[in-house]
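Student: So I've got this file, run-v8.txt, and it contains compact mmCIF, C-alpha atoms and all ligand atoms:
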```txt
# COMPACT_ATOMS: atom_id res chain seq x y z
CA MET C 1 -39.61 10.00 -21.36
CA PRO C 2 -36.42 8.79 -23.08
CA LYS C 3 -35.45 5.21 -22.36
CA ASN C 4 -32.60 4.85 -19.87
CA SER C 5 -29.35 3.52 -21.24
CA GLU C 6 -27.85 0.23 -20.03
CA VAL C 7 -25.30 2.24 -18.04
CA ILE C 8 -28.00 4.19 -16.20
CA GLU C 9 -30.00 1.02 -15.50
CA LEU C 10 -26.98 -0.68 -13.94
CA ALA C 11 -26.01 2.46 -12.01
CA LYS C 12 -29.53 2.62 -10.58
CA ALA C 13 -29.41 -1.04 -9.54
CA LEU C 14 -26.13 -0.39 -7.69
CA ILE C 15 -27.30 2.86 -6.08
CA SER C 16 -30.46 1.23 -4.71
CA ARG C 17 -28.22 -1.09 -2.64
CA ALA C 18 -27.48 0.94 0.50
CA SER C 19 -23.82 -0.04 0.80
CA VAL C 20 -22.60 2.39 3.46
CA THR C 21 -18.92 1.64 4.11
CA PRO C 22 -17.74 -1.08 4.70
CA GLU C 23 -20.93 -2.82 3.53
CA ASP C 24 -21.27 -4.09 -0.04
CA GLU C 25 -24.98 -5.04 0.10
CA GLY C 26 -24.77 -7.33 -2.92
CA CYS C 27 -23.23 -4.83 -5.34
CA GLN C 28 -20.32 -7.13 -6.07
CA GLU C 29 -22.69 -10.06 -6.70
CA LEU C 30 -24.41 -7.95 -9.31
CA ILE C 31 -21.08 -7.10 -10.97
CA LYS C 32 -20.00 -10.77 -10.80
CA THR C 33 -23.20 -11.96 -12.50
CA ARG C 34 -22.73 -9.52 -15.36
CA LEU C 35 -19.02 -10.32 -15.84
CA ALA C 36 -19.49 -14.10 -15.45
CA LYS C 37 -21.65 -14.07 -18.57
CA LEU C 38 -18.59 -12.78 -20.45
CA GLY C 39 -16.35 -15.54 -19.15
CA PHE C 40 -14.70 -13.74 -16.22
CA SER C 41 -13.55 -15.89 -13.30
CA HIS C 42 -13.99 -14.42 -9.83
CA GLU C 43 -12.24 -14.51 -6.50
CA THR C 44 -14.06 -12.98 -3.59
CA MET C 45 -11.53 -11.96 -0.94
CA VAL C 46 -13.08 -11.31 2.45
CA PHE C 47 -10.83 -9.65 5.03
CA ASP C 48 -12.60 -9.05 8.35
CA ASP C 49 -15.57 -6.73 7.62
CA THR C 50 -14.61 -6.06 4.00
CA THR C 51 -15.64 -7.86 0.82
CA ASN C 52 -13.33 -7.49 -2.17
CA LEU C 53 -13.64 -8.81 -5.70
CA TRP C 54 -10.83 -9.78 -8.04
CA SER C 55 -12.06 -10.85 -11.49
CA ARG C 56 -10.14 -11.75 -14.60
CA ARG C 57 -10.73 -12.69 -18.20
CA ASN C 58 -7.87 -13.48 -20.59
CA GLY C 59 -8.30 -12.67 -24.26
CA ALA C 60 -6.48 -15.81 -25.34
CA GLU C 61 -6.53 -19.23 -23.69
CA ASP C 62 -2.76 -19.45 -23.37
CA LEU C 63 -0.96 -16.44 -21.93
CA SER C 64 1.96 -18.54 -20.70
CA ASP C 65 4.63 -17.24 -23.08
CA THR C 66 3.21 -13.79 -23.46
CA LYS C 67 4.87 -12.09 -20.52
CA ASP C 68 4.53 -8.71 -22.16
CA THR C 69 0.80 -8.90 -22.81
CA PRO C 70 -0.92 -6.17 -20.87
CA VAL C 71 -3.12 -6.81 -17.84
CA PHE C 72 -5.71 -4.05 -17.82
CA CYS C 73 -7.49 -3.34 -14.54
CA PHE C 74 -10.63 -1.42 -13.67
CA ALA C 75 -10.42 -0.50 -9.98
CA GLY C 76 -13.14 0.91 -7.80
CA HIS C 77 -15.29 0.67 -4.71
CA THR C 78 -18.87 -0.32 -4.00
CA ASP C 79 -19.05 1.34 -0.58
CA VAL C 80 -20.41 4.85 -0.16
CA VAL C 81 -20.23 7.46 2.58
CA PRO C 82 -23.30 7.76 4.85
CA PRO C 83 -26.13 9.89 3.45
CA GLY C 84 -26.12 12.33 6.40
CA ASN C 85 -29.27 14.24 7.27
CA LEU C 86 -32.06 12.60 5.22
CA GLU C 87 -34.23 15.70 5.49
CA LEU C 88 -31.73 17.64 3.40
CA TRP C 89 -32.09 15.22 0.48
CA ASN C 90 -34.65 16.21 -2.18
CA THR C 91 -35.01 12.53 -3.13
CA PRO C 92 -34.28 9.44 -0.95
CA PRO C 93 -30.51 8.75 -1.23
CA PHE C 94 -30.94 5.05 -2.01
CA GLU C 95 -33.80 5.49 -4.47
CA PRO C 96 -32.02 6.60 -7.65
CA THR C 97 -34.04 9.33 -9.34
CA ILE C 98 -33.53 11.17 -12.62
CA ILE C 99 -34.51 14.83 -12.74
CA ASP C 100 -33.66 16.97 -15.77
CA GLY C 101 -31.03 14.54 -17.02
CA MET C 102 -29.27 14.27 -13.65
CA LEU C 103 -29.18 11.00 -11.72
CA TYR C 104 -29.54 11.62 -7.97
CA GLY C 105 -28.56 9.26 -5.16
CA ARG C 106 -25.72 8.38 -2.81
CA GLY C 107 -22.84 6.95 -4.83
CA THR C 108 -23.98 8.25 -8.22
CA ALA C 109 -20.67 10.11 -8.70
CA ASP C 110 -18.50 8.32 -6.11
CA MET C 111 -18.45 5.82 -7.67
CA LYS C 112 -21.25 3.52 -8.69
CA GLY C 113 -21.82 5.44 -11.93
CA SER C 114 -18.22 4.68 -12.93
CA ILE C 115 -18.61 1.01 -12.07
CA ALA C 116 -21.73 0.77 -14.23
CA ALA C 117 -19.85 2.46 -17.09
CA MET C 118 -16.91 0.03 -16.68
CA VAL C 119 -19.13 -3.06 -16.75
CA VAL C 120 -21.16 -1.98 -19.79
CA ALA C 121 -17.98 -0.89 -21.63
CA THR C 122 -16.47 -4.31 -20.89
CA GLU C 123 -19.60 -6.11 -22.12
CA ARG C 124 -19.52 -4.22 -25.41
CA PHE C 125 -15.77 -4.59 -25.82
CA VAL C 126 -15.65 -8.35 -25.13
CA THR C 127 -18.53 -8.87 -27.56
CA ASP C 128 -16.69 -6.91 -30.26
CA TYR C 129 -13.16 -8.23 -29.56
CA PRO C 130 -13.36 -11.56 -27.68
CA HIS C 131 -9.75 -12.48 -28.55
CA TYR C 132 -8.07 -9.26 -27.41
CA GLN C 133 -4.42 -9.43 -26.30
CA GLY C 134 -3.71 -9.71 -22.58
CA ALA C 135 -6.31 -9.70 -19.82
CA ILE C 136 -9.06 -7.55 -18.35
CA THR C 137 -9.31 -7.54 -14.56
CA TYR C 138 -11.51 -5.90 -11.94
CA LEU C 139 -10.34 -4.92 -8.45
CA ILE C 140 -13.40 -3.86 -6.48
CA THR C 141 -13.46 -3.19 -2.74
CA SER C 142 -16.05 -2.15 -0.16
CA ASP C 143 -13.50 -0.36 2.03
CA GLU C 144 -12.39 2.78 0.21
CA GLU C 145 -14.43 5.31 2.16
CA GLY C 146 -13.54 3.72 5.51
CA PRO C 147 -10.20 3.00 7.14
CA PHE C 148 -8.80 1.36 3.95
CA ILE C 149 -7.19 -1.44 5.91
CA ASN C 150 -8.93 -4.51 4.48
CA GLY C 151 -9.61 -3.31 0.95
CA THR C 152 -7.41 -2.70 -2.07
CA THR C 153 -4.20 -2.87 -0.06
CA ARG C 154 -4.95 -6.47 1.07
CA VAL C 155 -5.96 -7.57 -2.43
CA ILE C 156 -2.72 -6.13 -3.79
CA ASP C 157 -0.74 -7.97 -1.08
CA THR C 158 -2.44 -11.21 -2.16
CA LEU C 159 -1.71 -10.60 -5.84
CA GLU C 160 1.90 -9.64 -5.14
CA ALA C 161 2.43 -12.82 -3.09
CA ARG C 162 1.60 -14.89 -6.16
CA ASN C 163 3.36 -12.49 -8.55
CA GLU C 164 0.17 -11.58 -10.38
CA LYS C 165 0.74 -8.15 -11.90
CA ILE C 166 -1.40 -5.31 -13.23
CA THR C 167 0.10 -3.40 -16.17
CA TYR C 168 -2.42 -0.58 -16.62
CA CYS C 169 -5.11 0.54 -14.21
CA ILE C 170 -8.02 2.96 -14.42
CA VAL C 171 -9.46 3.92 -11.04
CA GLY C 172 -13.01 5.19 -11.53
CA GLU C 173 -12.79 7.97 -8.94
CA PRO C 174 -14.66 11.13 -9.95
CA SER C 175 -11.74 13.05 -11.45
CA SER C 176 -13.67 15.52 -13.61
CA THR C 177 -14.51 19.14 -12.83
CA ASN C 178 -17.13 20.53 -15.24
CA ASN C 179 -17.54 17.86 -17.93
CA VAL C 180 -16.68 14.20 -17.94
CA GLY C 181 -13.04 13.66 -18.92
CA ASP C 182 -11.96 17.29 -18.59
CA VAL C 183 -9.48 16.21 -15.89
CA VAL C 184 -7.52 12.95 -15.65
CA LYS C 185 -5.53 12.36 -12.48
CA ASN C 186 -2.22 10.83 -13.47
CA GLY C 187 -0.76 10.73 -9.98
CA ARG C 188 -1.23 11.77 -6.42
CA ARG C 189 0.99 13.40 -3.86
CA GLY C 190 2.30 11.37 -0.94
CA SER C 191 1.03 12.04 2.56
CA ILE C 192 2.90 11.60 5.85
CA SER C 193 1.88 12.81 9.32
CA ALA C 194 3.87 13.26 12.50
CA ALA C 195 2.89 13.69 16.13
CA ILE C 196 5.84 15.39 17.86
CA THR C 197 6.09 15.52 21.63
CA ILE C 198 8.70 17.85 23.12
CA HIS C 199 9.53 17.28 26.78
CA GLY C 200 10.47 20.05 29.21
CA LYS C 201 10.29 20.40 32.98
CA GLN C 202 7.17 21.75 34.66
CA GLY C 203 7.39 24.38 37.38
CA HIS C 204 6.46 27.83 38.70
CA VAL C 205 6.95 30.67 36.22
CA ALA C 206 8.61 32.69 39.04
CA TYR C 207 11.46 30.17 39.26
CA PRO C 208 12.81 29.97 35.71
CA GLU C 209 16.00 28.37 36.95
CA HIS C 210 13.96 25.31 37.98
CA VAL C 211 11.98 24.78 34.77
CA LYS C 212 12.61 23.83 31.13
CA ASN C 213 9.94 25.50 29.06
CA PRO C 214 8.96 23.18 26.17
CA ILE C 215 7.14 26.01 24.36
CA HIS C 216 10.29 28.13 24.26
CA LEU C 217 12.37 25.14 23.29
CA ALA C 218 9.99 24.06 20.53
CA MET C 219 9.41 27.42 18.84
CA PRO C 220 12.74 27.81 16.97
CA ALA C 221 12.62 24.20 15.78
CA LEU C 222 8.99 24.41 14.60
CA THR C 223 9.73 27.72 12.90
CA GLU C 224 12.66 26.17 11.08
CA LEU C 225 10.50 23.19 10.02
CA SER C 226 7.84 25.54 8.68
CA GLN C 227 10.43 27.39 6.58
CA VAL C 228 12.22 24.44 4.98
CA GLN C 229 12.22 24.41 1.18
CA TRP C 230 11.63 20.67 0.89
CA ASP C 231 11.89 20.57 -2.89
CA HIS C 232 10.82 22.58 -5.92
CA GLY C 233 8.29 20.07 -7.20
CA ASN C 234 8.62 18.92 -10.81
CA ASP C 235 6.66 18.86 -14.06
CA TYR C 236 3.80 16.94 -12.42
CA PHE C 237 3.84 18.05 -8.79
CA PRO C 238 3.84 21.35 -6.92
CA ALA C 239 6.54 21.85 -4.28
CA THR C 240 6.16 19.72 -1.17
CA SER C 241 4.10 21.40 1.52
CA PHE C 242 4.65 21.11 5.29
CA GLN C 243 1.79 22.22 7.53
CA LEU C 244 1.55 22.37 11.30
CA SER C 245 -2.05 21.45 12.07
CA ASN C 246 -2.13 21.43 15.90
CA ILE C 247 0.00 22.73 18.76
CA ASN C 248 -0.96 21.95 22.33
CA SER C 249 0.75 22.83 25.57
CA GLY C 250 0.02 24.47 28.90
CA THR C 251 -2.03 23.70 31.98
CA GLY C 252 -4.44 26.60 31.54
CA ALA C 253 -2.78 28.56 34.32
CA THR C 254 -0.63 31.60 33.59
CA ASN C 255 1.81 30.87 36.41
CA VAL C 256 2.79 27.32 35.42
CA VAL C 257 5.41 26.35 32.89
CA PRO C 258 4.08 23.17 31.26
CA GLY C 259 5.92 19.87 31.16
CA HIS C 260 5.55 19.16 27.46
CA LEU C 261 4.28 20.32 24.08
CA THR C 262 2.71 18.29 21.31
CA ALA C 263 2.61 19.35 17.68
CA LEU C 264 0.83 17.60 14.82
CA CYS C 265 1.97 18.16 11.28
CA ASN C 266 1.45 16.76 7.79
CA LEU C 267 3.43 16.86 4.58
CA ARG C 268 1.94 16.45 1.11
CA TYR C 269 4.99 15.54 -0.89
CA SER C 270 6.09 15.14 -4.47
CA THR C 271 8.01 12.34 -6.17
CA GLU C 272 11.17 14.39 -5.57
CA LEU C 273 11.09 13.22 -1.94
CA SER C 274 10.66 9.95 -0.07
CA ASP C 275 9.18 9.31 3.36
CA ALA C 276 12.63 8.20 4.55
CA LEU C 277 14.18 11.54 3.51
CA ILE C 278 11.40 13.44 5.27
CA VAL C 279 11.84 11.47 8.50
CA GLU C 280 15.60 12.05 8.39
CA LYS C 281 15.28 15.79 7.78
CA VAL C 282 12.70 16.36 10.54
CA GLU C 283 14.70 14.37 13.07
CA THR C 284 17.92 16.18 12.10
CA ILE C 285 16.29 19.55 12.78
CA LEU C 286 14.82 18.50 16.13
CA THR C 287 18.15 17.00 17.20
CA LYS C 288 20.07 20.13 16.10
CA HIS C 289 17.89 22.16 18.47
CA GLN C 290 18.88 19.76 21.26
CA LEU C 291 15.30 18.81 22.06
CA ASP C 292 14.17 15.91 24.19
CA TYR C 293 11.50 14.62 21.82
CA GLN C 294 9.47 11.66 20.55
CA ILE C 295 7.85 11.35 17.14
CA LYS C 296 5.05 9.06 16.03
CA TRP C 297 4.93 8.84 12.23
CA THR C 298 1.89 7.85 10.19
CA PHE C 299 2.59 6.87 6.58
CA ASN C 300 -0.61 7.56 4.65
CA GLY C 301 0.62 6.85 1.15
CA LYS C 302 3.58 7.32 -1.15
CA PRO C 303 3.32 9.64 -4.16
CA PHE C 304 2.87 8.11 -7.58
CA ILE C 305 2.96 9.39 -11.12
CA THR C 306 2.10 7.95 -14.50
CA GLU C 307 4.16 10.00 -16.90
CA LEU C 308 3.17 10.97 -20.38
CA GLY C 309 5.22 8.96 -22.88
CA THR C 310 6.07 9.83 -26.44
CA ASP C 311 4.82 6.91 -28.53
CA LYS C 312 1.32 5.96 -29.59
CA ASN C 313 1.22 2.93 -27.28
CA ASP C 314 1.81 5.05 -24.21
CA PHE C 315 -1.00 4.42 -21.71
CA LEU C 316 -1.63 8.04 -20.82
CA THR C 317 -1.67 8.96 -24.51
CA ILE C 318 -4.24 6.20 -25.16
CA VAL C 319 -6.42 7.46 -22.29
CA SER C 320 -6.10 11.08 -23.39
CA ASP C 321 -6.96 10.18 -27.00
CA ALA C 322 -9.91 8.09 -25.76
CA VAL C 323 -11.32 11.11 -23.93
CA THR C 324 -10.77 13.40 -26.91
CA SER C 325 -12.44 10.92 -29.30
CA VAL C 326 -15.62 10.99 -27.17
CA THR C 327 -15.79 14.54 -25.81
CA GLY C 328 -13.79 16.46 -28.42
CA THR C 329 -11.66 17.98 -25.66
CA LYS C 330 -8.18 17.06 -24.49
CA PRO C 331 -8.10 16.31 -20.74
CA VAL C 332 -5.98 18.31 -18.33
CA LEU C 333 -3.57 16.15 -16.33
CA SER C 334 -3.59 16.73 -12.59
CA THR C 335 -2.13 15.31 -9.37
CA SER C 336 -4.29 17.45 -7.07
CA GLY C 337 -6.63 16.28 -4.36
CA GLY C 338 -6.33 13.83 -1.51
CA THR C 339 -5.16 10.24 -1.57
CA SER C 340 -6.94 7.39 -3.38
CA ASP C 341 -6.61 3.63 -3.67
CA GLY C 342 -4.29 4.27 -6.62
CA ARG C 343 -1.54 4.64 -4.01
CA PHE C 344 -1.77 0.90 -3.22
CA ILE C 345 -1.74 -0.22 -6.85
CA ALA C 346 0.98 2.03 -8.29
CA PRO C 347 3.85 0.71 -6.10
CA THR C 348 3.53 -2.71 -7.82
CA GLY C 349 4.77 -1.09 -11.04
CA ALA C 350 1.33 -0.61 -12.59
CA LYS C 351 0.64 2.55 -14.56
CA VAL C 352 -2.34 4.04 -12.71
CA ILE C 353 -4.67 6.88 -13.68
CA GLU C 354 -7.99 8.07 -12.28
CA LEU C 355 -10.82 8.88 -14.63
CA GLY C 356 -14.45 9.29 -13.68
CA PRO C 357 -17.38 11.72 -13.65
CA CYS C 358 -17.62 15.20 -12.10
CA ASN C 359 -16.84 15.45 -8.42
CA ALA C 360 -18.79 18.60 -7.51
CA THR C 361 -21.36 16.80 -5.30
CA ILE C 362 -19.39 13.88 -3.87
CA HIS C 363 -19.86 13.15 -0.15
CA GLN C 364 -22.64 15.81 -0.10
CA VAL C 365 -26.43 15.61 0.16
CA ASN C 366 -28.18 15.38 -3.23
CA GLU C 367 -25.13 13.74 -4.81
CA SER C 368 -25.73 13.60 -8.53
CA VAL C 369 -24.19 12.90 -11.90
CA SER C 370 -25.21 13.74 -15.45
CA CYS C 371 -26.75 10.73 -17.24
CA ASP C 372 -25.17 11.94 -20.45
CA ASP C 373 -21.75 12.01 -18.76
CA LEU C 374 -22.13 8.39 -17.61
CA ASP C 375 -22.91 7.27 -21.15
CA LYS C 376 -19.87 9.20 -22.41
CA LEU C 377 -17.74 7.69 -19.65
CA CYS C 378 -18.75 4.22 -20.88
CA ASP C 379 -17.62 5.18 -24.40
CA ILE C 380 -14.33 6.53 -23.03
CA TYR C 381 -13.66 3.31 -21.08
CA TYR C 382 -14.46 1.31 -24.22
CA ALA C 383 -11.96 3.36 -26.21
CA CYS C 384 -9.33 2.81 -23.48
CA LEU C 385 -9.88 -0.97 -23.57
CA LYS C 386 -9.58 -0.95 -27.33
CA GLY C 387 -6.48 1.25 -27.31
CA VAL C 388 -4.64 -0.99 -24.85
CA LEU C 389 -5.87 -4.47 -25.80
CA VAL C 390 -6.44 -4.43 -29.55
CA THR C 391 -3.41 -4.58 -31.82
CA ASN C 392 -3.72 -4.56 -35.59
CA GLU C 393 -3.10 -8.30 -35.39
CA THR C 394 -6.08 -8.95 -33.07
CA ASN C 395 -8.10 -6.64 -35.21
CA ASP C 396 -7.51 -8.76 -38.30
CA SER C 397 -8.21 -12.14 -36.70
ZN ZN G 401 -14.52 7.20 -4.28
```
Would you mind giving the structure from this file in structure tokens?

Tutor:
Amino acid sequence: MPKNSEVIELAKALISRASVTPEDEGCQELIKTRLAKLGFSHETMVFDDTTNLWSRRNGAEDLSDTKDTPVFCFAGHTDVVPPGNLELWNTPPFEPTIIDGMLYGRGTADMKGSIAAMVVATERFVTDYPHYQGAITYLITSDEEGPFINGTTRVIDTLEARNEKITYCIVGEPSSTNNVGDVVKNGRRGSISAAITIHGKQGHVAYPEHVKNPIHLAMPALTELSQVQWDHGNDYFPATSFQLSNINSGTGATNVVPGHLTALCNLRYSTELSDALIVEKVETILTKHQLDYQIKWTFNGKPFITELGTDKNDFLTIVSDAVTSVTGTKPVLSTSGGTSDGRFIAPTGAKVIELGPCNATIHQVNESVSCDDLDKLCDIYYACLKGVLVTNETNDS
């Protein structure tokens, strides 16, 4: 049996803590102990049921006049989704097991494997380059898989209140498809939902002069909404998509005109649009159709993008080169998929990307990740740290 790497050992220690969201089960204590040995200082931020960790280590003692020095952040979560039906697991979900080079257990891919890779990469990097420029930080939450109310968003609010900024951020979400690093997410679409209620007047179908049918009234407006060309997307995003997901009306009887109709819809939108423009456009259309309506909006997250720059110091270029140096393959950039905690970090001005292992088994039974991929991920993270935090000057000293 080959000896497990440091990354696999740490991943196993994290996976054996059954931290079903929003529990942390001591994962952050484990991370703190490892980072404290390197000189990191920690702030544990508890908001209601959620434990968050903000850790920082500066490369130089005095960063006071070095406004431009980068603050690098590893962001992630220690919580996992519930294991589901235990009988469907081939191995117990919280007893990490290696079979044929694959590490099985809940959270292996999403995202305790990434956290282990981050910590070991940081240990190696700080040992090699203790006087790097800028700072390394960790933003770890136990509320990513839950309602995301008391996690990253609250930590960011706290940091913003004291004007503590992140320059570059790698979120360890499982971004890859077939091999580690084959896909890097350099942005995410925005998401906004609306619950539209259209009021009519209920009555007998045989007396149309006494009713206002909300189904008839709603149809032209909903049709128009479904046919709007919201934008054409751009280099990084597909065109914005509007989808009606539910329509409800009627009493169940064929001889009653209902009193109202409710429609639920969602837009996944590009950086060409804003939530304010969407709200304005939807309300303009409903008003044009002279509807008596109410709308309840839910703002799930704004879109963000980290664009590819042209010079060697560009963050995305550094990340892309880091992947290529380890895997030999250039990553594909993508903004696909749902929302992530990156949406809370990017609005502060940070350049945010997501880079982690393969996502084929996340949230499923028998979640697994390749041990080899986790070791490579550690090397990629190391190369990212070096690319961002080591100048020729630091190198020489
Ligand atoms: Zn995740």

Student: May I have the residues within 7 Å of Val256 (chain C) as a list in words, using all atoms listed in the file and disregarding those fewer than 6 positions away in the same chain?

Tutor: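 Once the adjacent positions are removed, what remains is Gly203, His204 and Val205 of chain C.
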
Student: Tell me, as a list in words, which residues lie within 7 Å of Ile136 (chain C), counting all atoms listed in the file; anything in the same chain fewer than 6 positions away does not count.

Tutor: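 Answer for this query is Arg56, Arg57, Asn58, Val71, Phe72 and Cys73 of chain C.
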
Student: Please, what distance in Å, to one decimal, runs between CA of Pro92 (chain C) and CA of Val20 (chain C)?

Tutor: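 Atom-to-atom, CA of Pro92 (chain C) and CA of Val20 (chain C) are spaced 14.3 Å apart.
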
Student: Quick one: residues within 12 Å of ligand ZN 401 (chain G), with only C-alpha atoms and all ligand atoms, as a VMD selection string?

Tutor: chain C and resid 21 75 to 81 106 to 115 140 to 146 148 171 to 175 338 to 342 354 to 359 361 to 363

Student: Please provide as a count of residues only all residues within 8 Å of Tyr236 (chain C), with the sequence filter that same-chain residues fewer than 5 positions apart are discarded (counting all atoms listed in the file).

Tutor: 3

Student: Ranking C:Ser245, C:Gln28, C:Thr348, C:Ser5 by minimum distance to Val120 (chain C) and counting only C-alpha atoms, which one comes first?

Tutor: C:Ser5

Student: Find the residues near Leu291 (chain C): any atom within 7 Å, counting only C-alpha atoms, skip ones fewer than 3 places away on the same chain, and give them as a PDB file with C-alpha atoms, in the frame of the given file.

Tutor:
```pdb
ATOM      1  CA  ILE C 198       8.700  17.850  23.120  1.00  0.00           C
ATOM      2  CA  LEU C 286      14.820  18.500  16.130  1.00  0.00           C
ATOM      3  CA  THR C 287      18.150  17.000  17.200  1.00  0.00           C
TER       4      THR C 287
END
```

Student: Leu159 (chain C): which residues within 12 Å, counting only C-alpha atoms, same-chain residues fewer than 6 positions away excluded, as a ChimeraX atom specification?

Tutor: /C:43,45,54-55,137,139,152-153,165-166,344-345,348
